[in-house]
file data.txt (compact mmCIF, C-alpha atoms)
# COMPACT_ATOMS: atom_id res chain seq x y z
CA MET L 13 149.34 183.29 66.18
CA THR L 14 151.74 185.59 64.42
CA ASP L 15 152.62 182.72 62.10
CA ASN L 16 148.95 182.14 61.43
CA ALA L 17 148.26 185.78 60.74
CA GLN L 18 151.28 185.80 58.46
CA ALA L 19 150.05 182.68 56.66
CA HIS L 20 146.57 184.08 56.31
CA THR L 21 147.71 187.16 54.42
CA LEU L 22 149.01 184.77 51.76
CA ILE L 23 145.58 183.43 50.85
CA GLY L 24 145.39 185.25 47.51
CA ALA L 25 148.96 184.42 46.54
CA TYR L 26 148.37 180.79 47.57
CA VAL L 27 145.29 180.49 45.40
CA LEU L 28 147.26 181.91 42.47
CA ASP L 29 150.15 179.46 43.09
CA ALA L 30 152.35 182.48 43.67
CA VAL L 31 153.96 181.24 46.89
CA SER L 32 157.09 179.21 47.65
CA ASP L 33 156.85 175.58 48.73
CA THR L 34 157.61 176.56 52.32
CA GLU L 35 154.89 179.18 52.32
CA ARG L 36 152.46 176.71 50.76
CA ARG L 37 153.06 174.20 53.53
CA ALA L 38 152.66 176.87 56.21
CA PHE L 39 149.44 178.05 54.62
CA GLU L 40 148.01 174.56 54.36
CA GLU L 41 148.80 173.94 58.02
CA HIS L 42 147.08 177.20 58.81
CA ILE L 43 143.85 176.38 57.00
CA ALA L 44 143.78 172.85 58.40
CA GLY L 45 142.88 174.47 61.71
CA CYS L 46 140.73 177.25 60.33
CA PRO L 47 137.52 176.12 58.56
CA SER L 48 136.54 179.65 57.53
CA CYS L 49 139.96 180.15 55.90
CA ALA L 50 139.63 176.81 54.12
CA ARG L 51 136.24 177.86 52.88
CA GLU L 52 137.51 181.18 51.60
CA THR L 53 140.35 179.33 49.88
CA ALA L 54 137.92 176.96 48.17
CA GLU L 55 135.77 179.85 47.01
CA LEU L 56 138.73 181.71 45.60
CA LEU L 57 139.85 178.55 43.78
CA GLU L 58 136.39 178.37 42.22
CA THR L 59 136.86 181.97 41.22
CA THR L 60 140.17 181.37 39.45
CA ALA L 61 138.62 178.40 37.65
CA LEU L 62 136.04 180.79 36.24
CA LEU L 63 138.81 183.16 35.24
CA ALA L 64 140.45 180.33 33.30
CA GLY L 65 137.12 179.56 31.67
CA GLY L 66 137.46 182.74 29.66
CA THR L 67 140.59 181.57 27.91
CA THR L 68 139.84 178.13 26.56
CA ALA L 69 141.81 176.77 23.61
CA GLU L 70 141.08 173.56 21.72
CA PRO L 71 144.00 171.19 22.11
CA PRO L 72 145.18 169.37 18.99
CA ALA L 73 143.01 166.37 18.15
CA HIS L 74 145.85 163.87 18.62
CA LEU L 75 146.14 164.86 22.28
CA ARG L 76 142.79 163.26 23.05
CA ASP L 77 143.96 159.87 21.79
CA ARG L 78 147.23 160.21 23.63
CA VAL L 79 145.56 161.11 26.91
CA LEU L 80 142.98 158.35 26.69
CA ALA L 81 145.69 155.83 25.82
CA ALA L 82 147.89 157.03 28.67
CA ALA L 83 144.97 156.79 31.09
CA ALA L 84 144.24 153.26 29.89
CA ARG L 85 147.83 152.34 30.81
CA THR L 86 147.65 154.08 34.18
CA ARG L 87 146.47 152.17 37.22
CA GLN L 88 144.08 153.87 39.55
CA PRO L 89 144.51 153.21 43.25
CA PRO L 90 141.89 150.63 44.24
CA PRO L 91 138.58 152.39 44.88
CA ARG L 92 137.34 152.25 48.43
CA THR L 93 133.82 153.36 47.94
CA ASP L 94 132.67 152.63 51.48
CA ASP L 95 135.24 155.03 52.92
CA PRO L 96 134.62 158.73 52.97
CA PRO L 97 136.74 160.53 50.38
CA PRO L 98 140.24 161.14 51.68
CA ARG L 99 140.85 164.51 53.26
CA ARG L 100 144.42 164.73 52.24
CA ASN L 101 145.36 165.28 48.67
CA SER L 102 148.97 165.20 47.71
CA GLY L 103 148.04 165.51 44.06
CA GLY L 104 146.51 168.93 44.30
CA ARG L 105 146.17 171.87 46.57
CA TRP L 106 142.66 171.12 47.59
CA PRO L 107 142.21 172.27 51.15
CA ARG L 108 142.26 169.40 53.58
CA VAL L 109 139.40 170.61 55.68
CA ALA L 110 135.87 169.72 54.75
CA ILE L 111 134.12 172.80 53.50
CA PRO L 112 130.36 173.05 53.27
CA VAL L 113 130.50 174.67 49.88
CA ALA L 114 127.30 174.17 47.94
CA ALA L 115 128.83 172.21 45.12
CA ALA L 116 125.62 172.12 43.16
CA GLY L 117 125.40 175.88 43.13
CA ILE L 118 128.94 176.17 41.97
CA ALA L 119 128.40 173.64 39.24
CA VAL L 120 125.71 175.89 37.90
CA ALA L 121 128.03 178.87 38.03
CA VAL L 122 130.70 177.03 36.08
CA THR L 123 129.67 176.96 32.48
CA LEU L 124 130.42 173.50 31.28
CA GLY L 125 129.56 174.15 27.69
CA VAL L 126 133.03 175.15 26.64
CA GLN L 127 132.92 178.08 24.31
CA ALA L 128 135.59 178.23 21.70
CA VAL L 129 137.43 181.46 22.12
CA HIS L 130 139.40 182.56 19.15
CA THR L 131 141.19 185.47 20.64
CA ASN L 132 143.71 183.62 22.75
CA ASP L 133 146.63 184.68 20.65
CA ARG L 134 145.67 188.26 21.22
CA LEU L 135 145.32 187.69 24.94
CA GLU L 136 148.77 186.18 24.84
CA ARG L 137 150.21 189.21 23.08
CA ASP L 138 148.44 191.54 25.44
CA LEU L 139 149.78 189.70 28.47
CA GLN L 140 153.27 190.06 27.08
CA ALA L 141 152.73 193.74 26.57
CA LEU L 142 151.36 194.05 30.07
CA GLU L 143 154.48 192.49 31.51
CA GLN L 144 156.74 194.58 29.38
CA VAL L 145 155.06 197.87 30.06
CA ASN L 146 154.90 197.08 33.72
CA SER L 147 158.60 196.49 33.87
CA ARG L 148 159.01 200.19 34.41
CA ASN L 149 162.09 199.29 36.23
CA GLY L 150 163.59 197.22 33.45
CA GLN L 151 166.61 196.45 35.58
CA VAL L 152 164.52 194.55 38.07
CA ALA L 153 163.05 192.39 35.34
CA ARG L 154 166.49 191.72 33.87
CA LEU L 155 167.79 190.85 37.29
CA LEU L 156 165.00 188.34 37.77
CA ALA L 157 165.88 186.91 34.37
CA ALA L 158 169.50 186.28 35.27
CA PRO L 159 170.29 182.56 35.25
CA ASP L 160 172.20 182.93 38.51
CA ALA L 161 169.54 185.04 40.24
CA LYS L 162 169.45 184.05 43.88
CA LEU L 163 166.63 184.75 46.29
CA VAL L 164 167.19 184.98 50.03
CA ARG L 165 164.65 185.96 52.65
CA GLY L 166 165.00 186.71 56.33
CA GLU L 167 163.15 188.03 59.35
CA VAL L 168 163.88 191.64 60.24
CA THR L 169 164.43 192.59 63.86
CA GLY L 170 161.47 194.69 64.93
CA GLY L 171 159.09 193.02 62.49
CA GLY L 172 158.62 192.14 58.85
CA THR L 173 160.79 190.35 56.35
CA GLY L 174 163.42 191.32 53.84
CA THR L 175 163.84 189.57 50.51
CA VAL L 176 166.87 189.96 48.30
CA VAL L 177 167.28 188.89 44.70
CA ALA L 178 170.89 189.11 43.60
CA SER L 179 172.83 188.23 40.49
CA ARG L 180 176.58 188.23 40.31
CA MET L 181 176.41 188.07 36.53
CA LYS L 182 174.33 191.23 36.39
CA GLY L 183 176.22 192.77 39.30
CA GLU L 184 172.92 193.82 40.79
CA VAL L 185 170.85 193.22 43.84
CA VAL L 186 167.28 194.20 44.66
CA PHE L 187 165.82 194.40 48.14
CA LEU L 188 162.11 193.99 48.82
CA ALA L 189 160.77 195.02 52.20
CA ASP L 190 157.61 193.56 53.63
CA GLY L 191 155.92 194.79 56.78
CA LEU L 192 158.95 196.49 58.32
CA ALA L 193 158.38 198.46 61.49
CA ARG L 194 157.58 202.10 60.89
CA LEU L 195 160.48 204.35 61.85
CA PRO L 196 160.43 207.77 63.48
CA GLU L 197 160.62 210.74 61.12
CA ASP L 198 164.32 211.23 61.73
CA ARG L 199 165.30 207.63 60.96
CA THR L 200 165.59 205.59 57.80
CA TYR L 201 166.42 202.04 56.77
CA GLN L 202 169.71 201.83 54.91
CA MET L 203 170.83 198.89 52.80
CA TRP L 204 174.44 197.72 52.80
CA LEU L 205 176.45 195.41 50.61
CA ILE L 206 178.74 193.69 53.03
CA GLY L 207 181.94 192.30 51.51
CA ALA L 208 185.52 191.63 52.48
CA ASP L 209 186.14 195.37 52.64
CA GLY L 210 183.29 195.96 55.02
CA PRO L 211 179.86 197.45 54.43
CA ARG L 212 179.17 199.75 51.52
CA SER L 213 175.98 201.78 51.34
CA ALA L 214 173.53 200.53 48.73
CA GLY L 215 170.81 203.08 49.29
CA LEU L 216 168.00 204.13 51.56
CA LEU L 217 164.58 202.58 51.82
CA ALA L 218 162.07 205.31 51.11
CA SER L 219 159.66 203.90 53.69
CA SER L 220 158.99 200.72 55.60
CA GLU L 221 156.69 199.63 52.75
CA GLY L 222 158.56 201.26 49.92
CA PRO L 223 159.09 199.97 46.40
CA PRO L 224 161.92 197.54 45.64
CA LEU L 225 165.36 199.02 46.14
CA LEU L 226 167.88 198.21 43.43
CA ALA L 227 171.63 198.50 43.85
CA SER L 228 174.43 197.80 41.41
CA GLY L 229 178.07 196.99 41.99
CA PHE L 230 177.29 193.62 43.50
CA THR L 231 180.30 191.35 43.09
CA GLY L 232 178.80 188.19 44.48
CA THR L 233 180.91 188.00 47.60
CA GLU L 234 178.63 189.98 49.83
CA ALA L 235 175.80 189.68 52.17
CA VAL L 236 173.09 192.29 52.15
CA GLY L 237 172.39 193.99 55.45
CA LEU L 238 169.92 196.53 56.69
CA THR L 239 170.42 199.02 59.51
CA VAL L 240 168.42 201.88 60.98
CA GLU L 241 170.25 205.15 60.40
CA PRO L 242 169.64 208.85 60.92
CA ARG L 243 167.59 210.39 58.17
CA GLY L 244 169.70 210.89 55.06
CA GLY L 245 171.77 207.79 55.77
CA SER L 246 175.28 207.26 57.11
CA PRO L 247 178.61 206.64 55.38
CA ARG L 248 179.10 203.61 57.65
CA PRO L 249 176.57 201.69 59.71
CA THR L 250 176.07 203.28 63.13
CA THR L 251 173.72 200.65 64.57
CA PRO L 252 173.57 196.85 64.54
CA THR L 253 171.99 195.28 61.50
CA VAL L 254 168.30 194.43 61.73
CA VAL L 255 168.73 191.73 59.10
CA VAL L 256 171.65 190.17 57.24
CA LEU L 257 170.97 188.07 54.16
CA PRO L 258 173.98 186.01 53.13
CA LEU L 259 174.36 185.61 49.39
CA VAL L 260 177.20 183.14 49.22
CA MET Z 28 131.49 143.04 34.70
CA ALA Z 29 127.92 143.83 35.62
CA GLY Z 30 128.75 146.89 37.65
CA ARG Z 31 130.71 148.29 34.77
CA GLU Z 32 127.80 147.85 32.39
CA ARG Z 33 125.47 149.66 34.70
CA LYS Z 34 127.82 152.60 34.74
CA LEU Z 35 128.03 152.64 30.99
CA GLN Z 36 124.28 152.72 30.84
CA ALA Z 37 124.29 155.61 33.23
CA VAL Z 38 126.47 157.55 30.85
CA PRO Z 39 125.32 156.70 27.36
CA ASP Z 40 127.60 157.97 24.62
CA ASP Z 41 124.89 159.70 22.72
CA ASP Z 42 123.54 161.70 25.60
CA ALA Z 43 125.93 164.53 26.26
CA GLY Z 44 123.40 166.76 27.89
CA ASP Z 45 122.62 166.11 31.49
CA VAL Z 46 125.64 164.68 33.20
CA THR Z 47 127.64 167.11 35.31
CA ALA Z 48 131.40 167.10 35.54
CA GLU Z 49 130.99 166.12 39.19
CA GLN Z 50 129.08 163.00 38.22
CA LEU Z 51 131.60 162.17 35.51
CA LEU Z 52 134.45 162.47 37.98
CA VAL Z 53 132.74 160.07 40.37
CA LEU Z 54 132.44 157.55 37.53
CA VAL Z 55 136.06 158.14 36.52
CA ALA Z 56 137.09 157.33 40.08
CA ARG Z 57 135.55 153.89 39.52
CA GLY Z 58 137.59 153.28 36.42
CA ASP Z 59 134.97 154.26 33.85
CA ASP Z 60 136.95 155.08 30.74
CA LYS Z 61 133.91 156.28 28.79
CA ALA Z 62 133.20 158.78 31.52
CA PHE Z 63 136.83 159.85 31.37
CA ALA Z 64 136.57 160.47 27.64
CA ARG Z 65 133.50 162.59 28.26
CA LEU Z 66 135.23 164.47 31.04
CA TYR Z 67 138.13 165.09 28.68
CA ASP Z 68 135.75 166.73 26.25
CA VAL Z 69 134.39 168.94 28.99
CA VAL Z 70 137.64 170.14 30.52
CA ALA Z 71 140.45 169.68 27.98
CA ALA Z 72 140.03 173.04 26.21
CA ARG Z 73 139.91 174.79 29.54
CA VAL Z 74 143.03 173.04 30.79
CA PHE Z 75 144.95 173.51 27.57
CA GLY Z 76 143.95 177.17 27.32
CA LEU Z 77 145.22 177.93 30.80
CA VAL Z 78 148.37 175.83 30.54
CA ARG Z 79 149.29 177.47 27.26
CA HIS Z 80 149.18 180.90 28.81
CA VAL Z 81 151.39 179.89 31.68
CA VAL Z 82 153.81 177.57 29.92
CA ARG Z 83 153.80 179.37 26.56
CA ASP Z 84 155.61 176.66 24.64
CA HIS Z 85 153.14 174.69 22.56
CA ALA Z 86 154.76 171.26 22.81
CA GLN Z 87 155.27 171.61 26.54
CA SER Z 88 151.71 172.80 26.96
CA GLU Z 89 150.54 169.58 25.38
CA GLU Z 90 152.77 167.59 27.71
CA VAL Z 91 151.51 169.38 30.79
CA THR Z 92 147.90 169.06 29.67
CA GLN Z 93 148.41 165.33 29.24
CA GLU Z 94 150.04 165.04 32.66
CA VAL Z 95 147.19 166.91 34.28
CA LEU Z 96 144.46 164.85 32.68
CA VAL Z 97 146.14 161.54 33.42
CA GLU Z 98 146.52 162.76 37.00
CA VAL Z 99 142.79 163.48 37.02
CA TRP Z 100 142.19 159.90 35.91
CA ARG Z 101 144.57 158.52 38.50
CA THR Z 102 143.45 160.54 41.50
CA ALA Z 103 139.76 161.05 40.74
CA ALA Z 104 138.86 159.18 43.92
CA ARG Z 105 140.32 162.05 45.92
CA TYR Z 106 137.79 164.47 44.56
CA ASP Z 107 135.21 165.37 47.18
CA PRO Z 108 132.09 167.07 45.76
CA GLY Z 109 131.43 168.56 49.18
CA ARG Z 110 134.46 170.76 48.82
CA GLY Z 111 133.96 172.36 45.46
CA SER Z 112 133.23 171.87 41.81
CA ALA Z 113 134.90 169.26 39.64
CA VAL Z 114 136.07 171.88 37.17
CA ALA Z 115 137.77 173.90 39.90
CA TRP Z 116 139.43 170.72 41.19
CA VAL Z 117 140.81 169.99 37.74
CA MET Z 118 141.84 173.59 37.06
CA THR Z 119 143.57 173.83 40.43
CA MET Z 120 145.65 170.82 39.49
CA ALA Z 121 146.30 172.21 36.02
CA HIS Z 122 147.48 175.56 37.28
CA ARG Z 123 149.78 174.02 39.83
CA ARG Z 124 151.37 171.72 37.26
CA ALA Z 125 151.82 174.54 34.78
CA VAL Z 126 153.43 176.77 37.37
CA ASP Z 127 155.71 173.96 38.52
CA ARG Z 128 156.82 173.56 34.94
CA VAL Z 129 157.81 177.18 34.48
CA ARG Z 130 159.22 177.73 37.94
CA SER Z 131 162.31 175.61 37.45
CA ALA Z 132 165.01 176.06 34.88
CA GLN Z 133 162.68 177.56 32.37
CA ALA Z 134 161.88 180.58 34.40
CA ALA Z 135 165.14 182.12 33.33
CA THR Z 136 164.56 181.47 29.65
CA ARG Z 137 161.03 182.68 29.86
CA ARG Z 138 162.07 185.98 31.36
CA GLU Z 139 165.08 186.48 29.15
CA ASP Z 140 162.69 186.11 26.31
CA LEU Z 141 160.53 188.73 27.94
CA ALA Z 142 163.45 191.07 28.48
CA ALA Z 143 164.57 190.65 24.88
CA ARG Z 144 161.18 191.67 23.61
CA ARG Z 145 160.77 194.65 25.85
CA ASP Z 146 160.35 197.26 23.19
CA ALA Z 147 156.64 197.85 23.36
CA GLU Z 148 155.70 201.43 24.05
CA THR Z 149 151.99 200.84 24.48
CA PRO Z 150 150.50 203.07 27.16
CA PHE Z 151 149.96 201.06 30.25
CA ASP Z 152 146.27 201.67 30.79
CA ALA Z 153 145.45 200.73 27.23
CA VAL Z 154 147.27 197.44 27.60
CA SER Z 155 145.57 196.63 30.84
CA GLU Z 156 142.20 197.26 29.24
CA GLN Z 157 143.09 195.13 26.23
CA VAL Z 158 144.03 192.22 28.43
CA ALA Z 159 140.73 192.34 30.20
CA ALA Z 160 138.89 192.78 26.91
CA ARG Z 161 140.42 189.65 25.43
CA ILE Z 162 139.05 187.54 28.19
CA GLU Z 163 135.95 186.77 26.33
CA GLN Z 164 133.59 185.38 28.80
CA ARG Z 165 131.37 188.34 29.27
CA GLN Z 166 130.79 188.05 32.97
CA VAL Z 167 134.44 187.49 33.74
CA ARG Z 168 135.34 190.50 31.66
CA ARG Z 169 132.75 192.62 33.36
CA CYS Z 170 133.95 191.56 36.78
CA LEU Z 171 137.61 192.09 35.95
CA ALA Z 172 136.67 195.64 35.03
CA THR Z 173 135.46 196.26 38.57
CA LEU Z 174 138.93 195.64 39.99
CA THR Z 175 141.52 198.31 40.54
CA ASP Z 176 144.42 198.28 38.08
CA LEU Z 177 146.76 196.85 40.66
CA GLN Z 178 144.34 194.11 41.69
CA ARG Z 179 143.79 193.12 38.07
CA GLU Z 180 147.47 193.20 37.12
CA SER Z 181 148.54 191.21 40.19
CA ILE Z 182 145.96 188.53 39.50
CA LEU Z 183 146.57 188.32 35.75
CA LEU Z 184 150.35 188.13 36.11
CA GLY Z 185 150.11 185.63 38.94
CA TYR Z 186 147.49 183.43 37.35
CA PHE Z 187 148.24 183.53 33.65
CA ARG Z 188 151.97 183.95 33.93
CA GLY Z 189 152.80 181.98 37.03
CA TYR Z 190 154.79 184.76 38.63
CA SER Z 191 155.42 184.36 42.34
CA TYR Z 192 154.22 187.27 44.42
CA PRO Z 193 157.77 188.62 44.97
CA GLU Z 194 158.27 188.53 41.20
CA THR Z 195 154.93 190.22 40.66
CA ALA Z 196 155.94 192.88 43.17
CA ALA Z 197 159.23 193.44 41.39
CA VAL Z 198 157.64 193.60 37.94
CA LEU Z 199 154.92 195.98 39.10
CA GLY Z 200 157.35 197.98 41.22
CA VAL Z 201 155.24 197.83 44.36
CA PRO Z 202 155.88 196.52 47.88
CA LEU Z 203 155.44 192.82 48.58
CA GLY Z 204 152.72 193.44 51.14
CA THR Z 205 150.75 195.41 48.59
CA VAL Z 206 150.82 192.58 46.06
CA LYS Z 207 149.72 190.03 48.65
CA THR Z 208 146.84 192.23 49.68
CA ARG Z 209 145.78 193.08 46.14
CA MET Z 210 145.84 189.42 45.11
CA ARG Z 211 143.53 188.58 47.95
CA ASP Z 212 141.11 191.49 47.87
CA GLY Z 213 141.01 191.38 44.08
CA LEU Z 214 140.05 187.70 44.14
CA ILE Z 215 137.43 188.36 46.79
CA ARG Z 216 135.93 191.09 44.65
CA LEU Z 217 135.93 188.77 41.65
CA ARG Z 218 134.34 186.03 43.70
CA ASP Z 219 131.51 188.29 44.82
CA CYS Z 220 131.03 189.70 41.34
CA LEU Z 221 130.93 186.24 39.76
CA GLY Z 222 128.52 184.98 42.39
CA VAL Z 223 130.55 181.99 43.51
CA ALA Z 224 128.27 180.17 45.94
CA ARG Z 225 128.83 180.85 49.59

call {"tool": "encode", "arguments": {"input": "data.txt", "output": "structure tokens"}}
result
Amino acid sequence: MTDNAQAHTLIGAYVLDAVSDTERRAFEEHIAGCPSCARETAELLETTALLAGGTTAEPPAHLRDRVLAAAARTRQPPPRTDDPPPRRNSGGRWPRVAIPVAAAGIAVAVTLGVQAVHTNDRLERDLQALEQVNSRNGQVARLLAAPDAKLVRGEVTGGGTGTVVASRMKGEVVFLADGLARLPEDRTYQMWLIGADGPRSAGLLASSEGPPLLASGFTGTEAVGLTVEPRGGSPRPTTPTVVVLPLV
Amino acid sequence: MAGRERKLQAVPDDDAGDVTAEQLLVLVARGDDKAFARLYDVVAARVFGLVRHVVRDHAQSEEVTQEVLVEVWRTAARYDPGRGSAVAWVMTMAHRRAVDRVRSAQAATRREDLAARRDAETPFDAVSEQVAARIEQRQVRRCLATLTDLQRESILLGYFRGYSYPETAAVLGVPLGTVKTRMRDGLIRLRDCLGVAR
């Protein structure tokens, strides 16, 4: 139930291919038993297809010959026309559950006459600018860019998950909280870098749903831990950790 | 083969008008190469346009586009018209392939490239508006404009850039839960605005 609810919140991210493989599997299991979820998923996939329809670009002419030649060399699995179409599709993310979507109606909505759009290069530049400007916290973006960036996620005692992205090369770590239990006014979550010398404070989480918390001085030998501390934080942890994310 | 000839008659080369992508895909599933060529003409610009945004490298975009379309040829029998449009089926496959391509080793390069170029000082709102404005299809543009900034940014970065939702959260500087929610409610708002059949 909790797992299902958790999976269901991922529907948008799933449709955008913005989930991990594990999350994708969990979501697909979820919708296999939930026709209304499968239907919503299918509708949102139709929606993204329309979004893509605004950014068409003519491929080079030689690609057509290459694709047709490659197809001619590629065997299709033998057609089994008397069977109903298979419900499972390892080749795509199509939901496995039959959905009574009115395909004809959708076909009308999808404009098949492909309009040449000549402004793709500008869209491309604008997307770049959007990413750049949005990297208000440039350090977070650089951290994500690090070749050794490592992502670890774990369940937090009391609810929610913690995700850490860490890079030894950058010496930085960022913590992302998701759905942590709300704390009383006089308590706060505190992040710790836990190394051979014991835990070292890496900052306080502004709230249970706060923005990413970035800490530097990461040497690559630590785990990241989270404890609940009195407001203002503690020099050393005073309670057991609610999550420990090992980074080695 | 008699059956083959009947299919060719059903899809004459000189009549590009009335056949839907759904019908073409059904013919492709039966090995009809003419139908596949026609389907290519219908979807290739769409696929290539999307893949190019996500993958960014031109040569690799061609490769991925080819992979996607050959996969369409190979697995056409799995398409079930009862579950959605042919174009959405193809685009779903295309997006997944493109994202797979950038998620591996290239992710690092892609973002280093991004970090290296981070010198733009364009005001944020202006950029967000420009992005929406460049998406030419009028209805899509109009509907994107009905989203909140955060909904629009989460969807554009996720869809056209292939960012995972934790990455999107980090880039936008907002909590993970917020990004998940905005991706979903933004897509729902787009769906309703675009009139996707329900």

call {"tool": "closest_residue", "arguments": {"input": "data.txt", "among": "L:Gly215, L:Gly65, L:Gly237, L:Pro47", "to": "chain Z", "atoms": "all atoms listed in the file"}}
result
L:Gly65

call {"tool": "residues_around", "arguments": {"input": "data.txt", "residues": "range 65-67 of chain Z", "least_positions_apart": "6", "cutoff": "9 Å", "atoms": "all atoms listed in the file", "output": "PyMOL selection string"}}
result
(chain L and resi 76+79-80) or (chain Z and resi 40+43+48+51-52+55+96)

call {"tool": "atom_distance", "arguments": {"input": "data.txt", "atom1": "CA of Ala227 in chain L", "atom2": "CA of Leu199 in chain Z"}}
result
17.6 Å

call {"tool": "residues_around", "arguments": {"input": "data.txt", "residues": "Gly229 in chain L", "least_positions_apart": "5", "cutoff": "12 Å", "atoms": "only C-alpha atoms", "output": "list of chain:residue names"}}
result
L:Ala178, L:Ser179, L:Arg180, L:Met181, L:Lys182, L:Gly183, L:Glu184, L:Val185, L:Val186, L:Trp204, L:Leu205, L:Ile206, L:Gly207, L:Arg212, L:Ser213, L:Ala214, L:Gly215, L:Glu234

call {"tool": "residues_around", "arguments": {"input": "data.txt", "residues": "Val167 in chain Z", "least_positions_apart": "6", "cutoff": "9 Å", "atoms": "only C-alpha atoms", "output": "compact mmCIF listing (two decimals) with C-alpha atoms, keeping the file's coordinate frame"}}
result
# COMPACT_ATOMS: atom_id res chain seq x y z
CA LEU L 62 136.04 180.79 36.24
CA LEU L 63 138.81 183.16 35.24
CA GLY L 65 137.12 179.56 31.67
CA GLY L 66 137.46 182.74 29.66
CA ALA Z 159 140.73 192.34 30.20
CA LEU Z 217 135.93 188.77 41.65
CA CYS Z 220 131.03 189.70 41.34
CA LEU Z 221 130.93 186.24 39.76

call {"tool": "closest_residue", "arguments": {"input": "data.txt", "among": "Z:Arg124, Z:Arg188, Z:Arg169, Z:Arg101", "to": "chain L", "atoms": "all atoms listed in the file"}}
result
Z:Arg101

call {"tool": "atom_distance", "arguments": {"input": "data.txt", "atom1": "CA of Met120 in chain Z", "atom2": "CA of Thr175 in chain L"}}
result
28.4 Å

call {"tool": "axis_aligned_box", "arguments": {"input": "data.txt", "around": "range 211-215 of chain Z", "padding_each_side": "5 Å", "output": "AutoDock Vina command-line options"}}
result
--center_x 140.5 --center_y 189.6 --center_z 46.0 --size_x 16.1 --size_y 13.8 --size_z 13.9

call {"tool": "atom_distance", "arguments": {"input": "data.txt", "atom1": "CA of Val97 in chain Z", "atom2": "CA of Thr34 in chain L"}}
result
26.7 Å

call {"tool": "residues_around", "arguments": {"input": "data.txt", "residues": "range 72-84 of chain Z", "least_positions_apart": "5", "cutoff": "7 Å", "atoms": "only C-alpha atoms", "output": "ChimeraX atom specification"}}
result
/L:64-65,67-71,136 /Z:92,118,121-122,125-126,129,187-189

call {"tool": "closest_residue", "arguments": {"input": "data.txt", "among": "L:Ile43, L:Leu225, L:Ala208, L:Ala235", "to": "chain Z", "atoms": "all atoms listed in the file"}}
result
L:Leu225

call {"tool": "closest_residue", "arguments": {"input": "data.txt", "among": "L:Pro224, L:Gly45, L:Gly170, L:Gly210", "to": "Arg248 in chain L", "atoms": "all atoms listed in the file"}}
result
L:Gly210
